[in-house]
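First the structure, in the form of structure tokens, and then the observations on it.
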Amino acid sequence: MDSVVIEPIDPANSVLGKLTLLLGAFGFDNPDLSLTELVRRSGLTKPTVHRLCGELIHWGYLERSGTDYRLGIRLFEIGQRVGSQRQLRDAARPFMEDVQRMTGGVVHLAVRYGTEVLYLDKITGHRVVQPSRIAGRMPMHCTATGKVLLAFASPELLRMVVAAGLTRMTRHTITAPGSLAHELAQVRRAHLSKEVEETRLGYLSMAAPIRDAAGSVIAALSATVPSARANLPLISRGVRNAAHSTSDSVARADPPGAADGTGGAVRPAPSRADYGEE
């Protein structure tokens, strides 16, 4: 049998790749970009950027902002149709609100995106300000949600994260691969993670895993509060209960075996034993 050779893809040599480079040039801190800045950030030629921007405006994927460009409402509309993530967010939202009321902190719902954490939802109080954003990304090695997702993922993911570099965000950030591996082992035993001032001085976070009906960890739910007033037993209880309730809701909405006609009787909904509780 002849072997199949997969050629590496150069994004600048395909239409879809060029669109990805162009749309990826926009960021939270740079919502409006000029043509010159889009050329610089995307690495595409000026005629190509000008032509693609015109087409994207026509279809609603970009909008004009004076002489600049910004992402269009059409992208938001399509993004809301990502069914699995919308269902997960809807399932977690009421329990996230419970945790926010209980702790007074910031509550996050996160999934893995490559070697980073991607925030699907966030609830914050009036006095606590965090730099995270919905649809924003953060490193896995120094966030509570990231440590949960990393702890229950394959060893290959940990190797990839370490190979990419364990960036030091504060003086407390774990940057030694051995120390990180040791902490992830503790997370697997406790079904709970904690980071103390690793991403931002003055704040700590705790997170618990959210599982699907088959028991696989698909997301993480966390609470972040100022370190000086952190009530660890309260926070751990809050995120554990919320994660368990979300997992139960996810399992009931999409029971194992539903797709193959077995009626979802393969495995019961995740129990509290799945969260280190008996």
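For the structure tokens, the naming scheme is as follows: chains receive sequential letters (A, B, ...) according to their order of presentation, residues are indexed from 1 within each chain, and ligands are indexed from 1 in presentation order.
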When DSSP works through the backbone of this structure, what residues of range 103-257 of chain A end up as alpha helix (DSSP H), shown as a PDB file with C-alpha atoms, in the first residue's frame?
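The file below, selection-v3.pdb, is the result:
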ATOM      1  CA  THR A 103     -17.924  33.445  47.176  1.00  0.00           C
ATOM      2  CA  ALA A 144      -6.789  26.633  38.121  1.00  0.00           C
ATOM      3  CA  THR A 145      -9.009  25.648  35.187  1.00  0.00           C
ATOM      4  CA  GLY A 146      -5.955  24.873  33.072  1.00  0.00           C
ATOM      5  CA  LYS A 147      -4.477  22.597  35.718  1.00  0.00           C
ATOM      6  CA  VAL A 148      -7.728  20.618  35.897  1.00  0.00           C
ATOM      7  CA  LEU A 149      -7.871  20.197  32.134  1.00  0.00           C
ATOM      8  CA  LEU A 150      -4.170  19.340  31.972  1.00  0.00           C
ATOM      9  CA  ALA A 151      -4.356  16.864  34.858  1.00  0.00           C
ATOM     10  CA  PRO A 155       0.548  12.886  28.885  1.00  0.00           C
ATOM     11  CA  GLU A 156       1.233  14.134  25.379  1.00  0.00           C
ATOM     12  CA  LEU A 157      -0.601  17.384  26.122  1.00  0.00           C
ATOM     13  CA  LEU A 158       1.625  18.015  29.139  1.00  0.00           C
ATOM     14  CA  ARG A 159       4.684  17.461  26.956  1.00  0.00           C
ATOM     15  CA  MET A 160       3.334  19.949  24.437  1.00  0.00           C
ATOM     16  CA  VAL A 161       2.630  22.558  27.120  1.00  0.00           C
ATOM     17  CA  VAL A 162       6.118  22.146  28.601  1.00  0.00           C
ATOM     18  CA  ALA A 163       7.716  22.286  25.153  1.00  0.00           C
ATOM     19  CA  ALA A 164       5.901  25.550  24.420  1.00  0.00           C
ATOM     20  CA  PRO A 177       8.193  20.864  34.640  1.00  0.00           C
ATOM     21  CA  GLY A 178       8.766  18.520  37.572  1.00  0.00           C
ATOM     22  CA  SER A 179       6.889  20.756  39.991  1.00  0.00           C
ATOM     23  CA  LEU A 180       4.017  21.078  37.555  1.00  0.00           C
ATOM     24  CA  ALA A 181       3.796  17.307  37.067  1.00  0.00           C
ATOM     25  CA  HIS A 182       3.764  16.814  40.844  1.00  0.00           C
ATOM     26  CA  GLU A 183       0.933  19.326  41.254  1.00  0.00           C
ATOM     27  CA  LEU A 184      -1.100  17.739  38.455  1.00  0.00           C
ATOM     28  CA  ALA A 185      -0.834  14.388  40.235  1.00  0.00           C
ATOM     29  CA  GLN A 186      -2.318  16.041  43.319  1.00  0.00           C
ATOM     30  CA  VAL A 187      -5.129  17.461  41.191  1.00  0.00           C
ATOM     31  CA  ARG A 188      -5.962  13.988  39.881  1.00  0.00           C
ATOM     32  CA  ARG A 189      -6.144  12.647  43.432  1.00  0.00           C
ATOM     33  CA  ALA A 190      -8.209  15.531  44.836  1.00  0.00           C
ATOM     34  CA  LEU A 232     -10.802  27.827  50.953  1.00  0.00           C
ATOM     35  CA  PRO A 233     -13.352  25.312  52.352  1.00  0.00           C
ATOM     36  CA  LEU A 234     -16.205  27.480  51.084  1.00  0.00           C
ATOM     37  CA  ILE A 235     -14.673  27.942  47.643  1.00  0.00           C
ATOM     38  CA  SER A 236     -13.781  24.275  47.216  1.00  0.00           C
ATOM     39  CA  ARG A 237     -17.276  23.203  48.256  1.00  0.00           C
ATOM     40  CA  GLY A 238     -18.825  25.732  45.898  1.00  0.00           C
ATOM     41  CA  VAL A 239     -16.843  24.767  42.792  1.00  0.00           C
ATOM     42  CA  ARG A 240     -17.172  21.032  43.517  1.00  0.00           C
ATOM     43  CA  ASN A 241     -20.943  21.247  43.871  1.00  0.00           C
ATOM     44  CA  ALA A 242     -21.302  23.435  40.795  1.00  0.00           C
ATOM     45  CA  ALA A 243     -19.085  21.191  38.685  1.00  0.00           C
ATOM     46  CA  HIS A 244     -20.948  18.084  39.843  1.00  0.00           C
ATOM     47  CA  SER A 245     -24.354  19.655  39.151  1.00  0.00           C
ATOM     48  CA  THR A 246     -23.217  20.813  35.715  1.00  0.00           C
ATOM     49  CA  SER A 247     -21.874  17.342  34.916  1.00  0.00           C
ATOM     50  CA  ASP A 248     -25.175  15.828  35.981  1.00  0.00           C
ATOM     51  CA  SER A 249     -27.068  18.258  33.759  1.00  0.00           C
ATOM     52  CA  VAL A 250     -24.782  17.521  30.804  1.00  0.00           C
ATOM     53  CA  ALA A 251     -25.156  13.766  31.320  1.00  0.00           C
ATOM     54  CA  ARG A 252     -28.938  13.965  31.426  1.00  0.00           C
ATOM     55  CA  ALA A 253     -29.045  16.087  28.280  1.00  0.00           C
TER      56      ALA A 253
END
Practice task
Using DSSP on the backbone, list every residue of range 87-181 of chain A that comes out as strand (DSSP E or B), and give them as number ranges by chain.
Solution key: A: 106-113, 116-123, 137-139
Produce a file of the selected residues containing all heavy atoms, as a compact mmCIF listing (two decimals), in the first residue's frame.
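Printed below is selection-v2.txt as written:
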# COMPACT_ATOMS: atom_id res chain seq x y z
N VAL A 106 -15.02 35.90 41.10
CA VAL A 106 -15.22 35.75 39.66
C VAL A 106 -15.29 34.25 39.36
O VAL A 106 -14.45 33.48 39.82
CB VAL A 106 -14.07 36.39 38.86
CG1 VAL A 106 -14.28 36.17 37.36
CG2 VAL A 106 -13.97 37.87 39.17
N VAL A 107 -16.29 33.85 38.60
CA VAL A 107 -16.48 32.44 38.28
C VAL A 107 -16.29 32.24 36.78
O VAL A 107 -16.86 32.97 35.97
CB VAL A 107 -17.89 31.96 38.71
CG1 VAL A 107 -18.05 30.48 38.44
CG2 VAL A 107 -18.12 32.26 40.19
N HIS A 108 -15.48 31.24 36.43
CA HIS A 108 -15.18 30.96 35.03
C HIS A 108 -15.61 29.57 34.63
O HIS A 108 -15.54 28.63 35.44
CB HIS A 108 -13.66 31.06 34.77
CG HIS A 108 -13.11 32.44 34.83
ND1 HIS A 108 -12.34 32.89 35.87
CD2 HIS A 108 -13.20 33.47 33.96
CE1 HIS A 108 -11.98 34.14 35.65
NE2 HIS A 108 -12.49 34.51 34.49
N LEU A 109 -16.02 29.43 33.39
CA LEU A 109 -16.24 28.15 32.74
C LEU A 109 -15.25 28.08 31.59
O LEU A 109 -15.23 28.97 30.74
CB LEU A 109 -17.67 28.04 32.22
CG LEU A 109 -17.99 26.79 31.38
CD1 LEU A 109 -17.91 25.53 32.24
CD2 LEU A 109 -19.37 26.92 30.73
N ALA A 110 -14.42 27.03 31.57
CA ALA A 110 -13.34 26.98 30.58
C ALA A 110 -13.22 25.61 29.96
O ALA A 110 -13.54 24.59 30.58
CB ALA A 110 -12.02 27.37 31.23
N VAL A 111 -12.74 25.60 28.72
CA VAL A 111 -12.43 24.37 28.01
C VAL A 111 -11.00 24.50 27.46
O VAL A 111 -10.41 25.57 27.49
CB VAL A 111 -13.40 24.10 26.84
CG1 VAL A 111 -14.81 23.86 27.36
CG2 VAL A 111 -13.40 25.26 25.83
N ARG A 112 -10.49 23.38 26.96
CA ARG A 112 -9.15 23.43 26.38
C ARG A 112 -9.23 23.85 24.92
O ARG A 112 -10.09 23.40 24.17
CB ARG A 112 -8.48 22.05 26.47
CG ARG A 112 -7.08 22.03 25.87
CD ARG A 112 -6.39 20.71 26.16
NE ARG A 112 -6.90 19.61 25.36
CZ ARG A 112 -6.45 19.29 24.14
NH1 ARG A 112 -5.51 20.04 23.57
NH2 ARG A 112 -6.96 18.26 23.50
N TYR A 113 -8.29 24.71 24.52
CA TYR A 113 -8.16 25.11 23.12
C TYR A 113 -6.68 24.96 22.78
O TYR A 113 -5.87 25.81 23.12
CB TYR A 113 -8.63 26.54 22.90
CG TYR A 113 -8.61 26.97 21.44
CD1 TYR A 113 -9.69 26.68 20.62
CD2 TYR A 113 -7.51 27.63 20.90
CE1 TYR A 113 -9.67 27.06 19.27
CE2 TYR A 113 -7.49 28.01 19.57
CZ TYR A 113 -8.57 27.72 18.75
OH TYR A 113 -8.55 28.09 17.43
N GLU A 116 -3.96 25.88 25.41
CA GLU A 116 -4.39 26.99 26.25
C GLU A 116 -5.78 26.73 26.80
O GLU A 116 -6.48 25.80 26.38
CB GLU A 116 -4.39 28.30 25.44
CG GLU A 116 -3.02 28.74 24.98
CD GLU A 116 -3.09 30.03 24.17
OE1 GLU A 116 -3.74 30.01 23.10
OE2 GLU A 116 -2.50 31.04 24.60
N VAL A 117 -6.19 27.59 27.73
CA VAL A 117 -7.54 27.58 28.28
C VAL A 117 -8.37 28.60 27.53
O VAL A 117 -7.92 29.73 27.29
CB VAL A 117 -7.50 27.94 29.79
CG1 VAL A 117 -8.90 28.25 30.29
CG2 VAL A 117 -6.92 26.79 30.59
N LEU A 118 -9.57 28.23 27.15
CA LEU A 118 -10.49 29.14 26.47
C LEU A 118 -11.70 29.32 27.37
O LEU A 118 -12.34 28.35 27.77
CB LEU A 118 -10.92 28.57 25.12
CG LEU A 118 -11.99 29.37 24.36
CD1 LEU A 118 -11.43 30.71 23.90
CD2 LEU A 118 -12.50 28.57 23.16
N TYR A 119 -12.04 30.57 27.70
CA TYR A 119 -13.16 30.85 28.59
C TYR A 119 -14.46 30.93 27.80
O TYR A 119 -14.61 31.76 26.91
CB TYR A 119 -12.93 32.15 29.34
CG TYR A 119 -11.77 32.08 30.31
CD1 TYR A 119 -10.64 32.88 30.14
CD2 TYR A 119 -11.79 31.20 31.39
CE1 TYR A 119 -9.57 32.80 31.02
CE2 TYR A 119 -10.73 31.12 32.27
CZ TYR A 119 -9.63 31.92 32.08
OH TYR A 119 -8.58 31.83 32.95
N LEU A 120 -15.41 30.05 28.16
CA LEU A 120 -16.72 30.06 27.53
C LEU A 120 -17.67 31.03 28.21
O LEU A 120 -18.58 31.57 27.58
CB LEU A 120 -17.34 28.66 27.56
CG LEU A 120 -16.67 27.56 26.76
CD1 LEU A 120 -17.52 26.29 26.84
CD2 LEU A 120 -16.46 27.97 25.32
N ASP A 121 -17.48 31.22 29.52
CA ASP A 121 -18.38 32.10 30.26
C ASP A 121 -17.66 32.64 31.49
O ASP A 121 -16.67 32.06 31.96
CB ASP A 121 -19.64 31.35 30.69
CG ASP A 121 -20.83 32.27 30.93
OD1 ASP A 121 -20.66 33.52 30.81
OD2 ASP A 121 -21.92 31.76 31.25
N LYS A 122 -18.17 33.73 32.00
CA LYS A 122 -17.57 34.40 33.15
C LYS A 122 -18.65 35.20 33.86
O LYS A 122 -19.45 35.89 33.23
CB LYS A 122 -16.44 35.33 32.68
CG LYS A 122 -15.89 36.26 33.75
CD LYS A 122 -14.85 37.20 33.15
CE LYS A 122 -14.33 38.20 34.19
NZ LYS A 122 -13.32 39.11 33.62
N ILE A 123 -18.68 35.08 35.18
CA ILE A 123 -19.58 35.88 36.01
C ILE A 123 -18.75 36.59 37.05
O ILE A 123 -17.94 35.97 37.74
CB ILE A 123 -20.65 35.01 36.71
CG1 ILE A 123 -21.48 34.25 35.68
CG2 ILE A 123 -21.55 35.86 37.58
CD1 ILE A 123 -22.50 33.31 36.29
N ARG A 137 -8.18 33.69 26.08
CA ARG A 137 -7.37 32.52 26.37
C ARG A 137 -6.32 32.84 27.42
O ARG A 137 -5.87 33.98 27.54
CB ARG A 137 -6.68 32.01 25.10
CG ARG A 137 -7.62 31.36 24.12
CD ARG A 137 -6.86 30.82 22.93
NE ARG A 137 -7.18 31.55 21.71
CZ ARG A 137 -6.47 31.44 20.59
NH1 ARG A 137 -5.43 30.66 20.54
NH2 ARG A 137 -6.82 32.13 19.52
N MET A 138 -5.94 31.80 28.17
CA MET A 138 -4.90 31.92 29.20
C MET A 138 -4.06 30.65 29.18
O MET A 138 -4.48 29.61 28.68
CB MET A 138 -5.53 32.10 30.58
CG MET A 138 -6.16 33.47 30.81
SD MET A 138 -4.93 34.77 31.02
CE MET A 138 -4.41 34.46 32.72
N PRO A 139 -2.84 30.71 29.74
CA PRO A 139 -2.00 29.50 29.79
C PRO A 139 -2.62 28.43 30.67
O PRO A 139 -3.37 28.72 31.60
CB PRO A 139 -0.69 30.02 30.40
CG PRO A 139 -0.70 31.50 30.18
CD PRO A 139 -2.14 31.91 30.24
Nearest to Arg89 in chain A: which of A:Cys142, A:Val15, A:Ile218, A:Arg168 is it, counting only C-alpha atoms?
->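 Using only C-alpha atoms, the shortest distance to Arg89 in chain A belongs to A:Ile218.
Among the candidates A:Pro226, A:Gly215, A:Gly17, A:Pro94, the residue lying nearest to Arg200 in chain A is A:Pro226 (atoms considered: only C-alpha atoms).
Ranking A:Ser14, A:Ser154, A:Ser205, A:Asn231 by their shortest atom-to-atom distance to Leu44 in chain A, with only C-alpha atoms included, puts A:Ser14 first.
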Taking 6 positions as the minimum chain separation for residues in the same chain, which residues sit within 10 Å of Leu75 in chain A when counting only C-alpha atoms? Answer as a PyMOL selection string.
chain A and resi 59-62
Atoms to include: C-alpha atoms. Write the selected residues as an mmCIF file, in the first residue's frame.
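Resulting contents of selection.cif:
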data_model
loop_
_atom_site.group_PDB
_atom_site.id
_atom_site.type_symbol
_atom_site.label_atom_id
_atom_site.label_comp_id
_atom_site.auth_asym_id
_atom_site.auth_seq_id
_atom_site.Cartn_x
_atom_site.Cartn_y
_atom_site.Cartn_z
ATOM 1 C CA TRP A 59 -20.928 39.249 3.726
ATOM 2 C CA GLY A 60 -21.065 40.896 7.130
ATOM 3 C CA TYR A 61 -17.897 39.348 8.583
ATOM 4 C CA LEU A 62 -16.217 42.761 8.820
#
I'd like the contact shell of range 53-58 of chain A - 9 Å cut-off, only C-alpha atoms, skipping same-chain residues fewer than 6 positions apart - returned as a ChimeraX atom specification. /A:19,22,35,64,69,72
| field | Length of the CA of Leu52 in chain A to CA of Phe26 in chain A vector [Å] | value |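 We find that CA of Leu52 in chain A and CA of Phe26 in chain A lie 14.6 Å from each other.
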